$ cat my_file_28.cif   # mmCIF, C-alpha atoms and all ligand atoms
data_target
#
loop_
_atom_site.label_atom_id
_atom_site.label_comp_id
_atom_site.auth_asym_id
_atom_site.auth_seq_id
_atom_site.Cartn_x
_atom_site.Cartn_y
_atom_site.Cartn_z
CA MET A 24 13.25 -95.43 172.92
CA SER A 25 16.51 -94.16 171.38
CA THR A 26 19.46 -93.54 173.71
CA ARG A 27 19.71 -89.84 172.88
CA ILE A 28 16.72 -87.58 173.08
CA ALA A 29 17.23 -83.93 172.20
CA PHE A 30 15.45 -81.29 174.28
CA LEU A 31 15.35 -77.53 174.63
CA LYS A 32 14.13 -75.32 177.43
CA GLY A 33 12.15 -72.15 176.79
CA HIS A 34 9.70 -69.76 178.36
CA GLY A 35 7.09 -67.12 177.55
CA THR A 36 6.75 -64.52 180.35
CA GLU A 37 8.33 -67.18 182.59
CA ASN A 38 5.71 -69.85 181.84
CA ASP A 39 8.41 -72.45 181.16
CA PHE A 40 8.48 -75.53 178.99
CA VAL A 41 10.57 -78.55 178.17
CA ILE A 42 10.59 -78.80 174.37
CA VAL A 43 11.00 -82.26 172.79
CA PRO A 44 11.45 -82.15 168.98
CA ASP A 45 10.10 -85.38 167.51
CA PRO A 46 9.02 -84.70 163.89
CA GLU A 47 7.99 -88.28 163.12
CA ASN A 48 6.28 -88.91 166.48
CA ALA A 49 8.75 -91.68 167.34
CA ILE A 50 9.23 -90.90 171.05
CA ASP A 51 6.88 -92.48 173.57
CA LEU A 52 5.95 -89.84 176.15
CA PRO A 53 3.50 -91.37 178.63
CA PRO A 54 2.23 -89.05 181.41
CA ALA A 55 4.84 -90.38 183.87
CA ALA A 56 7.67 -89.47 181.46
CA VAL A 57 6.30 -85.95 181.03
CA ALA A 58 5.95 -85.52 184.81
CA ALA A 59 9.53 -86.78 185.32
CA LEU A 60 10.93 -84.36 182.72
CA CYS A 61 8.95 -81.41 184.17
CA ASP A 62 10.01 -82.20 187.75
CA ARG A 63 11.99 -79.15 188.97
CA ARG A 64 14.26 -81.12 191.30
CA ALA A 65 14.70 -84.58 189.79
CA GLY A 66 14.14 -83.64 186.13
CA ILE A 67 14.67 -80.69 183.76
CA GLY A 68 11.78 -78.65 185.15
CA GLY A 69 8.86 -76.93 183.49
CA ASP A 70 5.22 -75.93 183.84
CA GLY A 71 4.55 -78.05 180.77
CA LEU A 72 6.07 -79.91 177.83
CA LEU A 73 5.90 -79.04 174.13
CA HIS A 74 6.16 -82.20 172.01
CA VAL A 75 6.99 -80.94 168.51
CA VAL A 76 5.51 -83.31 165.91
CA ARG A 77 4.63 -83.01 162.22
CA SER A 78 0.84 -82.87 162.02
CA ALA A 79 0.84 -85.65 159.43
CA ALA A 80 2.62 -87.95 161.89
CA HIS A 81 0.19 -87.50 164.81
CA PRO A 82 -3.24 -89.18 164.94
CA GLU A 83 -4.79 -86.17 166.75
CA ALA A 84 -3.47 -83.69 164.16
CA ARG A 85 -3.50 -85.52 160.82
CA HIS A 86 -6.73 -83.75 159.80
CA MET A 87 -4.97 -80.36 160.23
CA ALA A 88 -1.86 -81.29 158.19
CA GLY A 89 -3.12 -79.44 155.09
CA GLU A 90 -3.27 -76.18 157.06
CA ALA A 91 -0.41 -76.49 159.52
CA GLU A 92 2.75 -78.56 159.08
CA TRP A 93 3.53 -78.70 162.83
CA PHE A 94 1.44 -79.91 165.77
CA MET A 95 1.93 -78.65 169.32
CA ASP A 96 1.28 -81.80 171.37
CA TYR A 97 1.04 -79.87 174.65
CA ARG A 98 1.17 -81.59 178.05
CA ASN A 99 0.79 -80.07 181.51
CA GLY A 100 3.63 -80.59 183.98
CA ASP A 101 1.73 -83.39 185.74
CA GLY A 102 1.49 -85.29 182.44
CA SER A 103 -2.15 -84.44 181.70
CA LEU A 104 -3.30 -83.24 178.27
CA ALA A 105 -4.67 -79.74 177.67
CA GLU A 106 -6.47 -78.34 174.68
CA MET A 107 -4.42 -75.19 174.35
CA CYS A 108 -1.47 -73.26 175.78
CA GLY A 109 -1.09 -69.64 174.72
CA ASN A 110 2.43 -69.07 175.99
CA GLY A 111 3.34 -72.53 174.70
CA VAL A 112 2.34 -71.66 171.12
CA ARG A 113 4.69 -68.67 171.10
CA VAL A 114 7.58 -70.72 172.48
CA PHE A 115 6.74 -73.50 170.00
CA ALA A 116 6.94 -70.99 167.12
CA ARG A 117 10.24 -69.65 168.46
CA TYR A 118 11.61 -73.20 168.46
CA LEU A 119 10.45 -73.77 164.85
CA GLN A 120 12.18 -70.53 163.86
CA ARG A 121 15.40 -71.43 165.68
CA ALA A 122 15.42 -74.90 164.11
CA GLY A 123 15.04 -73.34 160.64
CA HIS A 124 11.64 -74.94 160.02
CA VAL A 125 10.01 -71.50 159.61
CA THR A 126 11.13 -67.91 159.16
CA GLU A 127 9.86 -64.59 160.55
CA GLY A 128 6.36 -63.66 159.48
CA ASP A 129 3.13 -65.61 159.48
CA ILE A 130 2.88 -69.33 160.20
CA ALA A 131 0.16 -71.76 161.27
CA VAL A 132 0.43 -74.15 164.23
CA ALA A 133 -1.93 -77.08 164.85
CA THR A 134 -3.10 -77.54 168.44
CA ARG A 135 -5.79 -79.63 170.14
CA GLY A 136 -7.78 -76.37 170.14
CA GLY A 137 -7.52 -76.07 166.33
CA VAL A 138 -5.11 -74.33 163.96
CA LYS A 139 -3.66 -71.09 165.37
CA SER A 140 -2.17 -68.29 163.25
CA VAL A 141 1.12 -67.00 164.60
CA HIS A 142 3.12 -63.93 163.62
CA ILE A 143 6.84 -63.91 164.45
CA ALA A 144 8.02 -60.29 164.57
CA LYS A 145 11.23 -59.34 162.81
CA THR A 146 14.04 -58.89 165.32
CA ALA A 147 16.69 -56.17 165.34
CA SER A 148 19.50 -58.63 164.68
CA GLY A 149 17.53 -60.49 162.04
CA SER A 150 18.40 -63.81 163.68
CA GLY A 151 15.30 -63.90 165.86
CA SER A 152 16.74 -66.72 167.91
CA ALA A 153 15.84 -65.46 171.34
CA THR A 154 14.19 -62.05 171.33
CA GLY A 155 11.22 -60.20 169.89
CA ASP A 156 7.50 -60.57 170.28
CA ILE A 157 5.26 -63.22 168.84
CA THR A 158 1.53 -62.68 168.25
CA VAL A 159 -0.97 -65.54 168.30
CA GLY A 160 -4.53 -65.55 166.98
CA MET A 161 -6.17 -67.31 169.89
CA GLY A 162 -9.68 -67.68 168.44
CA SER A 163 -12.67 -66.29 170.27
CA ALA A 164 -13.77 -66.69 173.87
CA LEU A 165 -16.89 -68.51 175.00
CA LEU A 166 -18.50 -67.29 178.22
CA PRO A 167 -20.59 -70.20 179.53
CA GLU A 168 -23.40 -69.23 181.91
CA GLY A 169 -23.42 -70.47 185.49
CA ASP A 170 -22.81 -68.91 188.89
CA VAL A 171 -19.59 -70.09 190.45
CA THR A 172 -17.89 -68.98 193.67
CA VAL A 173 -14.20 -69.47 194.42
CA SER A 174 -12.82 -69.34 197.97
CA VAL A 175 -9.47 -68.85 199.63
CA GLY A 176 -9.58 -69.17 203.40
CA ALA A 177 -12.44 -67.04 204.74
CA ARG A 178 -12.77 -64.96 201.55
CA SER A 179 -14.85 -65.84 198.51
CA TRP A 180 -15.58 -64.18 195.17
CA PRO A 181 -17.87 -64.76 192.17
CA ALA A 182 -15.90 -66.25 189.27
CA ARG A 183 -16.68 -65.78 185.57
CA ASN A 184 -16.45 -68.82 183.31
CA VAL A 185 -14.41 -68.16 180.19
CA ASN A 186 -13.42 -70.86 177.71
CA MET A 187 -10.40 -70.19 175.52
CA GLY A 188 -10.35 -73.74 174.16
CA ASN A 189 -9.45 -74.66 177.75
CA PRO A 190 -11.50 -73.73 180.82
CA HIS A 191 -10.89 -70.68 183.01
CA ALA A 192 -12.57 -69.18 186.07
CA VAL A 193 -11.80 -65.47 186.54
CA ALA A 194 -12.25 -63.74 189.91
CA PHE A 195 -11.74 -60.01 190.50
CA VAL A 196 -10.18 -59.41 193.92
CA ASP A 197 -8.95 -56.37 195.90
CA ASP A 198 -5.43 -57.68 196.46
CA LEU A 199 -3.52 -60.48 194.69
CA ALA A 200 -2.17 -61.58 198.08
CA HIS A 201 -5.74 -62.64 198.94
CA ALA A 202 -5.26 -65.59 196.54
CA GLY A 203 -3.05 -67.14 199.22
CA ASP A 204 -0.20 -69.55 198.48
CA LEU A 205 -2.03 -71.32 195.59
CA TYR A 206 -0.23 -74.61 196.32
CA THR A 207 -3.50 -76.44 195.77
CA PRO A 208 -6.45 -75.62 193.52
CA PRO A 209 -8.85 -73.25 195.31
CA PRO A 210 -12.25 -74.78 196.09
CA PHE A 211 -15.39 -73.86 194.16
CA SER A 212 -19.06 -73.76 194.96
CA PRO A 213 -20.77 -75.75 193.58
CA ALA A 214 -18.00 -78.25 194.34
CA ASP A 215 -18.59 -80.19 191.11
CA ALA A 216 -18.54 -77.10 188.86
CA TYR A 217 -15.47 -78.30 186.96
CA PRO A 218 -15.37 -82.10 186.66
CA ASP A 219 -12.39 -81.82 184.23
CA GLY A 220 -10.58 -79.22 186.34
CA VAL A 221 -10.12 -75.52 185.62
CA ASN A 222 -7.48 -72.81 185.45
CA VAL A 223 -8.21 -70.09 188.03
CA GLU A 224 -7.19 -66.45 187.62
CA PHE A 225 -7.26 -63.86 190.42
CA VAL A 226 -7.26 -60.32 189.00
CA VAL A 227 -6.73 -56.76 190.24
CA ASP A 228 -7.01 -53.47 188.37
CA ARG A 229 -3.84 -51.52 187.66
CA GLY A 230 -5.33 -48.68 185.56
CA PRO A 231 -7.62 -48.09 182.58
CA ARG A 232 -7.66 -51.36 180.54
CA HIS A 233 -4.70 -52.54 182.57
CA VAL A 234 -4.96 -55.48 184.98
CA ALA A 235 -2.66 -57.90 186.81
CA LEU A 236 -3.23 -61.57 187.60
CA ARG A 237 -2.08 -64.56 189.54
CA VAL A 238 -3.04 -67.99 188.26
CA HIS A 239 -3.43 -71.55 189.48
CA GLU A 240 -3.08 -73.71 186.38
CA ARG A 241 -4.79 -77.05 186.04
CA GLY A 242 -2.06 -79.69 185.93
CA ALA A 243 0.76 -77.35 186.93
CA GLY A 244 -0.06 -75.35 190.11
CA GLU A 245 0.74 -71.65 190.42
CA THR A 246 2.69 -70.50 187.37
CA ARG A 247 4.36 -67.19 186.50
CA SER A 248 2.08 -66.68 183.50
CA CYS A 249 -0.76 -68.23 181.54
CA GLY A 250 -1.49 -67.02 178.00
CA THR A 251 -4.99 -68.45 177.68
CA GLY A 252 -5.59 -67.15 181.22
CA ALA A 253 -4.52 -63.62 180.24
CA CYS A 254 -6.97 -63.74 177.28
CA ALA A 255 -9.77 -65.00 179.55
CA VAL A 256 -9.02 -62.20 182.01
CA ALA A 257 -8.99 -59.52 179.26
CA VAL A 258 -12.41 -60.66 178.00
CA ALA A 259 -13.87 -60.89 181.53
CA ALA A 260 -12.51 -57.42 182.35
CA ALA A 261 -13.86 -55.96 179.11
CA ARG A 262 -17.37 -57.32 179.74
CA ARG A 263 -17.23 -56.09 183.34
CA ASP A 264 -16.19 -52.66 182.02
CA GLY A 265 -19.05 -52.65 179.49
CA ALA A 266 -16.74 -53.08 176.47
CA ASP A 267 -17.65 -55.54 173.72
CA PRO A 268 -15.94 -55.03 170.35
CA ARG A 269 -18.49 -57.33 168.69
CA VAL A 270 -21.15 -54.71 169.55
CA THR A 271 -19.20 -51.46 169.10
CA GLY A 272 -17.07 -52.53 166.12
CA THR A 273 -13.98 -51.11 167.85
CA PRO A 274 -11.09 -53.35 168.96
CA VAL A 275 -10.44 -53.45 172.70
CA THR A 276 -6.92 -53.88 174.10
CA TYR A 277 -5.97 -54.79 177.66
CA THR A 278 -2.49 -54.90 179.13
CA VAL A 279 -2.24 -57.92 181.43
CA ASP A 280 0.62 -58.03 183.92
CA VAL A 281 1.58 -61.53 185.05
CA PRO A 282 4.21 -62.37 187.68
CA GLY A 283 6.66 -63.18 184.85
CA GLY A 284 6.09 -60.15 182.60
CA THR A 285 3.38 -58.50 180.51
CA LEU A 286 1.06 -59.70 177.75
CA VAL A 287 -1.01 -57.48 175.45
CA ILE A 288 -4.43 -58.81 174.49
CA THR A 289 -6.66 -57.36 171.76
CA GLU A 290 -10.20 -58.50 171.04
CA ARG A 291 -11.33 -57.59 167.53
CA PRO A 292 -14.85 -56.82 166.30
CA ASP A 293 -15.10 -60.33 164.81
CA GLY A 294 -14.43 -61.75 168.29
CA GLU A 295 -10.93 -62.96 167.41
CA ILE A 296 -8.45 -62.47 170.25
CA GLU A 297 -4.79 -61.70 169.58
CA MET A 298 -2.12 -62.13 172.23
CA THR A 299 1.35 -60.59 171.94
CA GLY A 300 4.34 -61.33 174.14
CA PRO A 301 7.90 -62.62 174.23
CA ALA A 302 9.11 -66.18 173.65
CA VAL A 303 12.63 -67.23 174.55
CA ILE A 304 14.71 -70.37 174.09
CA VAL A 305 17.24 -70.57 176.93
CA ALA A 306 19.04 -73.89 176.53
CA GLU A 307 19.33 -77.12 174.62
CA GLY A 308 20.77 -80.49 175.45
CA GLU A 309 20.20 -84.23 175.57
CA ILE A 310 17.99 -86.26 177.86
CA ASP A 311 19.67 -89.32 179.37
CA ALA A 312 17.37 -92.06 178.07
CA GLU A 313 18.48 -94.47 180.80
CA TRP A 314 17.47 -91.93 183.46
CA LEU A 315 14.09 -91.52 181.77
CA GLU A 316 13.54 -95.28 181.62
CA ASN A 317 14.43 -95.58 185.32
CA ALA A 318 12.07 -92.72 186.15
CA LEU A 319 9.24 -94.72 184.61
CA ARG A 320 9.85 -97.85 186.71
N1 LIG B 401 0.10 -72.08 180.45
C1 LIG B 401 -0.84 -72.23 179.42
C2 LIG B 401 -2.06 -73.06 179.71
C3 LIG B 401 -1.69 -74.53 179.81
C4 LIG B 401 -2.87 -75.47 179.91
C5 LIG B 401 -3.62 -75.37 181.20
N2 LIG B 401 -2.82 -75.68 182.35
C6 LIG B 401 -4.84 -76.31 181.14
O1 LIG B 401 -4.79 -77.43 181.68
O2 LIG B 401 -5.84 -75.92 180.53
C7 LIG B 401 -1.11 -70.97 178.65
O3 LIG B 401 -0.16 -70.18 178.52
O4 LIG B 401 -2.20 -70.79 178.10
#
$ encode --input "my_file_28.cif" --output "C-alpha cells" --more "lines below"
Ligand SMILES: N[C@@H](CCC[C@H](N)C(=O)O)C(=O)O
Amino acid sequence: MSTRIAFLKGHGTENDFVIVPDPENAIDLPPAAVAALCDRRAGIGGDGLLHVVRSAAHPEARHMAGEAEWFMDYRNGDGSLAEMCGNGVRVFARYLQRAGHVTEGDIAVATRGGVKSVHIAKTASGSGSATGDITVGMGSALLPEGDVTVSVGARSWPARNVNMGNPHAVAFVDDLAHAGDLYTPPPFSPADAYPDGVNVEFVVDRGPRHVALRVHERGAGETRSCGTGACAVAVAAARRDGADPRVTGTPVTYTVDVPGGTLVITERPDGEIEMTGPAVIVAEGEIDAEWLENALR
C-alpha cells in the first residue's frame, strides 16, 4: 500500500460516504480497512465507502467498460458489499465531475447492479462542484411475493418486499417514532426471510404522493437517507395507492422525505425509476497509511 492515500468525504441527503479514488484499482481495501475508515470515532466516518475505479481495471466491472468508464465499487460501513447505492451513485458522479473526469449532462456509471444513467444538472455558477441536483436512472423495481412481518417491541406490521438491485422491506406505520431506536436490525417473521440481510424502511404519509421514511440499512444501521430505499418506498406506496404507471401509461411521482432531506422519485410507464436529489462533496484529504495498516492488525 502506498504511504499516501487520497480521500474525499461527501453526502447525498446526509447519507455520507468516504470516497477513495483509485483509477487503476491499486489500493487493497479489505472489509476491515473499509470498516476502519467508516468508523465515526476512530476513522473518517461514513455510512459507506465509494471506491472509484476504472471499469476496465476491476474484475467485477470489466464487462461494463464499453458502456461506462467508471465503476462504483460500493461498500457498506461494516465492510460488506452491496449491489447498489442510490445516494452513492449521485455522490460518485459529483466526485467525477469535481475531478474533471466528466462534465455536466449525461454520464454512465457501472455498479454491481448494472450500468446506471446519471444526469448532472447544470449549476448556477457553472462550476457544479458542490451544489445542484443529480438524477439517476435506477432501473425497475421487482416486487417478490411472500408475506413478511416486521416487529419493533410489541408492535408489528406487514412489510412489502421490493428489490431495487438490493433488497428492501417496506412497512407503513402510523408514526415514525414507532420504529424505535433502530440500533439493531428489527426482527422479521419468518425469521429466515432474509438470509442475506435486508434494508428496512418504516414509512408514514405526509400528503398526496408524499411520504416520509426512516431506514435501517443492512451493513450500516440507521442512516439519514437511503436512495434505493426511497425508490422502494415510492413503488410500494404507489401500488398501495392503486397507481401503476406500467398499466396507466402515466408517470407517477412521489416526494420522499428522509431525515437528511428530500428525494423525488418518478416511475415511468416503462417501469424505469428516476431518483433526483442533491450530492455534495464536503472535504478532501489524505489517509495516513500507517494508521490504516495498524487498524488492520
Ligand atoms: N444507502 C444506499 C444503500 C446502500 C446499500 C445497502 N446498505 C445494502 O446493503 O443493500 C442507498 O442510498 O441506496
$ residues_near_ligand --input "my_file_28.cif" --ligand "ligand LIG 401 (chain B)" --cutoff "10 Å" --atoms "all atoms listed in the file" --output "PyMOL selection string"
chain A and resi 34-40+70-72+97-101+103-114+161+186-191+219-223+238-255
$ write_last_selection --input "my_file_28.cif" --atoms "C-alpha atoms" --output "PDB file, keeping the file's coordinate frame"
ATOM      1  CA  HIS A  34       9.700 -69.760 178.360  1.00  0.00           C
ATOM      2  CA  GLY A  35       7.090 -67.120 177.550  1.00  0.00           C
ATOM      3  CA  THR A  36       6.750 -64.520 180.350  1.00  0.00           C
ATOM      4  CA  GLU A  37       8.330 -67.180 182.590  1.00  0.00           C
ATOM      5  CA  ASN A  38       5.710 -69.850 181.840  1.00  0.00           C
ATOM      6  CA  ASP A  39       8.410 -72.450 181.160  1.00  0.00           C
ATOM      7  CA  PHE A  40       8.480 -75.530 178.990  1.00  0.00           C
ATOM      8  CA  ASP A  70       5.220 -75.930 183.840  1.00  0.00           C
ATOM      9  CA  GLY A  71       4.550 -78.050 180.770  1.00  0.00           C
ATOM     10  CA  LEU A  72       6.070 -79.910 177.830  1.00  0.00           C
ATOM     11  CA  TYR A  97       1.040 -79.870 174.650  1.00  0.00           C
ATOM     12  CA  ARG A  98       1.170 -81.590 178.050  1.00  0.00           C
ATOM     13  CA  ASN A  99       0.790 -80.070 181.510  1.00  0.00           C
ATOM     14  CA  GLY A 100       3.630 -80.590 183.980  1.00  0.00           C
ATOM     15  CA  ASP A 101       1.730 -83.390 185.740  1.00  0.00           C
ATOM     16  CA  SER A 103      -2.150 -84.440 181.700  1.00  0.00           C
ATOM     17  CA  LEU A 104      -3.300 -83.240 178.270  1.00  0.00           C
ATOM     18  CA  ALA A 105      -4.670 -79.740 177.670  1.00  0.00           C
ATOM     19  CA  GLU A 106      -6.470 -78.340 174.680  1.00  0.00           C
ATOM     20  CA  MET A 107      -4.420 -75.190 174.350  1.00  0.00           C
ATOM     21  CA  CYS A 108      -1.470 -73.260 175.780  1.00  0.00           C
ATOM     22  CA  GLY A 109      -1.090 -69.640 174.720  1.00  0.00           C
ATOM     23  CA  ASN A 110       2.430 -69.070 175.990  1.00  0.00           C
ATOM     24  CA  GLY A 111       3.340 -72.530 174.700  1.00  0.00           C
ATOM     25  CA  VAL A 112       2.340 -71.660 171.120  1.00  0.00           C
ATOM     26  CA  ARG A 113       4.690 -68.670 171.100  1.00  0.00           C
ATOM     27  CA  VAL A 114       7.580 -70.720 172.480  1.00  0.00           C
ATOM     28  CA  MET A 161      -6.170 -67.310 169.890  1.00  0.00           C
ATOM     29  CA  ASN A 186     -13.420 -70.860 177.710  1.00  0.00           C
ATOM     30  CA  MET A 187     -10.400 -70.190 175.520  1.00  0.00           C
ATOM     31  CA  GLY A 188     -10.350 -73.740 174.160  1.00  0.00           C
ATOM     32  CA  ASN A 189      -9.450 -74.660 177.750  1.00  0.00           C
ATOM     33  CA  PRO A 190     -11.500 -73.730 180.820  1.00  0.00           C
ATOM     34  CA  HIS A 191     -10.890 -70.680 183.010  1.00  0.00           C
ATOM     35  CA  ASP A 219     -12.390 -81.820 184.230  1.00  0.00           C
ATOM     36  CA  GLY A 220     -10.580 -79.220 186.340  1.00  0.00           C
ATOM     37  CA  VAL A 221     -10.120 -75.520 185.620  1.00  0.00           C
ATOM     38  CA  ASN A 222      -7.480 -72.810 185.450  1.00  0.00           C
ATOM     39  CA  VAL A 223      -8.210 -70.090 188.030  1.00  0.00           C
ATOM     40  CA  VAL A 238      -3.040 -67.990 188.260  1.00  0.00           C
ATOM     41  CA  HIS A 239      -3.430 -71.550 189.480  1.00  0.00           C
ATOM     42  CA  GLU A 240      -3.080 -73.710 186.380  1.00  0.00           C
ATOM     43  CA  ARG A 241      -4.790 -77.050 186.040  1.00  0.00           C
ATOM     44  CA  GLY A 242      -2.060 -79.690 185.930  1.00  0.00           C
ATOM     45  CA  ALA A 243       0.760 -77.350 186.930  1.00  0.00           C
ATOM     46  CA  GLY A 244      -0.060 -75.350 190.110  1.00  0.00           C
ATOM     47  CA  GLU A 245       0.740 -71.650 190.420  1.00  0.00           C
ATOM     48  CA  THR A 246       2.690 -70.500 187.370  1.00  0.00           C
ATOM     49  CA  ARG A 247       4.360 -67.190 186.500  1.00  0.00           C
ATOM     50  CA  SER A 248       2.080 -66.680 183.500  1.00  0.00           C
ATOM     51  CA  CYS A 249      -0.760 -68.230 181.540  1.00  0.00           C
ATOM     52  CA  GLY A 250      -1.490 -67.020 178.000  1.00  0.00           C
ATOM     53  CA  THR A 251      -4.990 -68.450 177.680  1.00  0.00           C
ATOM     54  CA  GLY A 252      -5.590 -67.150 181.220  1.00  0.00           C
ATOM     55  CA  ALA A 253      -4.520 -63.620 180.240  1.00  0.00           C
ATOM     56  CA  CYS A 254      -6.970 -63.740 177.280  1.00  0.00           C
ATOM     57  CA  ALA A 255      -9.770 -65.000 179.550  1.00  0.00           C
TER      58      ALA A 255
END
$ residues_near_point --input "my_file_28.cif" --point "(9.2, -61.4, 161.6)" --cutoff "6 Å" --atoms "all atoms listed in the file" --output "list in words"
Glu127, Gly128, Ile143, Ala144 and Lys145 of chain A
$ closest_residue --input "my_file_28.cif" --among "A:Tyr217, A:Asp280, A:Glu224, A:Val132" --to "Phe195 in chain A" --atoms "all atoms listed in the file"
A:Glu224
$ atom_distance --input "my_file_28.cif" --atom1 "CA of Gly308 in chain A" --atom2 "CA of Pro46 in chain A"
17.0 Å
$ atom_distance --input "my_file_28.cif" --atom1 "CA of Arg63 in chain A" --atom2 "CA of Thr26 in chain A"
22.3 Å
$ residues_around --input "my_file_28.cif" --residues "Glu307 in chain A" --least-positions-apart "4" --cutoff "12 Å" --atoms "all atoms listed in the file" --output "mmCIF file with C-alpha atoms, keeping the file's coordinate frame"
data_model
loop_
_atom_site.group_PDB
_atom_site.id
_atom_site.type_symbol
_atom_site.label_atom_id
_atom_site.label_comp_id
_atom_site.auth_asym_id
_atom_site.auth_seq_id
_atom_site.Cartn_x
_atom_site.Cartn_y
_atom_site.Cartn_z
ATOM 1 C CA ILE A 28 16.720 -87.580 173.080
ATOM 2 C CA ALA A 29 17.230 -83.930 172.200
ATOM 3 C CA PHE A 30 15.450 -81.290 174.280
ATOM 4 C CA LEU A 31 15.350 -77.530 174.630
ATOM 5 C CA LYS A 32 14.130 -75.320 177.430
ATOM 6 C CA GLY A 33 12.150 -72.150 176.790
ATOM 7 C CA PHE A 40 8.480 -75.530 178.990
ATOM 8 C CA VAL A 41 10.570 -78.550 178.170
ATOM 9 C CA ILE A 42 10.590 -78.800 174.370
ATOM 10 C CA VAL A 43 11.000 -82.260 172.790
ATOM 11 C CA PRO A 44 11.450 -82.150 168.980
ATOM 12 C CA ILE A 67 14.670 -80.690 183.760
ATOM 13 C CA TYR A 118 11.610 -73.200 168.460
ATOM 14 C CA ARG A 121 15.400 -71.430 165.680
ATOM 15 C CA ALA A 122 15.420 -74.900 164.110
ATOM 16 C CA VAL A 303 12.630 -67.230 174.550
#
$ closest_residue --input "my_file_28.cif" --among "A:Ser179, A:Thr146, A:Asn317, A:Thr278" --to "Pro231 in chain A" --atoms "all atoms listed in the file"
A:Thr278
$ atom_distance --input "my_file_28.cif" --atom1 "CA of Leu315 in chain A" --atom2 "CA of Gly136 in chain A"
29.0 Å
$ decode --input "my_file_28.cif" --residues "range 26-84 of chain A" --atoms "C-alpha atoms" --output "compact mmCIF listing (two decimals), in the first residue's frame"
# COMPACT_ATOMS: atom_id res chain seq x y z
CA THR A 26 2.09 5.86 2.01
CA ARG A 27 -0.38 8.50 0.81
CA ILE A 28 -3.94 7.62 0.01
CA ALA A 29 -6.20 10.43 -1.17
CA PHE A 30 -9.79 10.53 0.07
CA LEU A 31 -12.80 12.80 -0.08
CA LYS A 32 -15.91 12.97 2.05
CA GLY A 33 -19.35 13.53 0.57
CA HIS A 34 -23.02 13.02 1.19
CA GLY A 35 -26.40 12.79 -0.54
CA THR A 36 -29.28 13.88 1.75
CA GLU A 37 -26.86 13.14 4.62
CA ASN A 38 -26.20 9.53 3.60
CA ASP A 39 -22.45 10.02 3.92
CA PHE A 40 -19.52 8.34 2.23
CA VAL A 41 -15.75 8.12 2.31
CA ILE A 42 -14.61 8.38 -1.31
CA VAL A 43 -11.34 6.67 -2.31
CA PRO A 44 -10.22 7.49 -5.87
CA ASP A 45 -8.20 4.57 -7.22
CA PRO A 46 -8.47 4.57 -11.04
CA GLU A 47 -6.17 1.58 -11.59
CA ASN A 48 -7.54 -0.48 -8.68
CA ALA A 49 -4.16 -0.45 -6.91
CA ILE A 50 -5.39 0.01 -3.33
CA ASP A 51 -6.21 -3.07 -1.28
CA LEU A 52 -9.43 -2.37 0.66
CA PRO A 53 -10.34 -5.49 2.65
CA PRO A 54 -13.55 -5.29 4.74
CA ALA A 55 -11.59 -4.40 7.90
CA ALA A 56 -9.99 -1.39 6.15
CA VAL A 57 -13.39 -0.16 4.96
CA ALA A 58 -14.85 -0.57 8.47
CA ALA A 59 -11.88 1.31 9.98
CA LEU A 60 -12.25 4.20 7.50
CA CYS A 61 -16.03 4.41 8.06
CA ASP A 62 -15.69 4.33 11.85
CA ARG A 63 -17.12 7.65 13.13
CA ARG A 64 -14.84 7.88 16.16
CA ALA A 65 -11.57 6.18 15.24
CA GLY A 66 -11.71 6.75 11.46
CA ILE A 67 -13.06 9.28 8.95
CA GLY A 68 -16.68 8.22 9.34
CA GLY A 69 -19.33 7.26 6.82
CA ASP A 70 -22.36 5.08 6.17
CA GLY A 71 -20.38 3.55 3.31
CA LEU A 72 -17.34 3.85 1.08
CA LEU A 73 -17.18 4.67 -2.64
CA HIS A 74 -14.10 3.09 -4.23
CA VAL A 75 -13.69 4.91 -7.55
CA VAL A 76 -12.13 2.55 -10.11
CA ARG A 77 -11.97 2.47 -13.91
CA SER A 78 -14.30 -0.32 -15.03
CA ALA A 79 -11.54 -1.80 -17.19
CA ALA A 80 -9.33 -2.18 -14.10
CA HIS A 81 -11.85 -4.06 -11.92
CA PRO A 82 -12.66 -7.76 -12.41
CA GLU A 83 -16.32 -7.23 -11.41
CA ALA A 84 -16.78 -4.37 -13.90
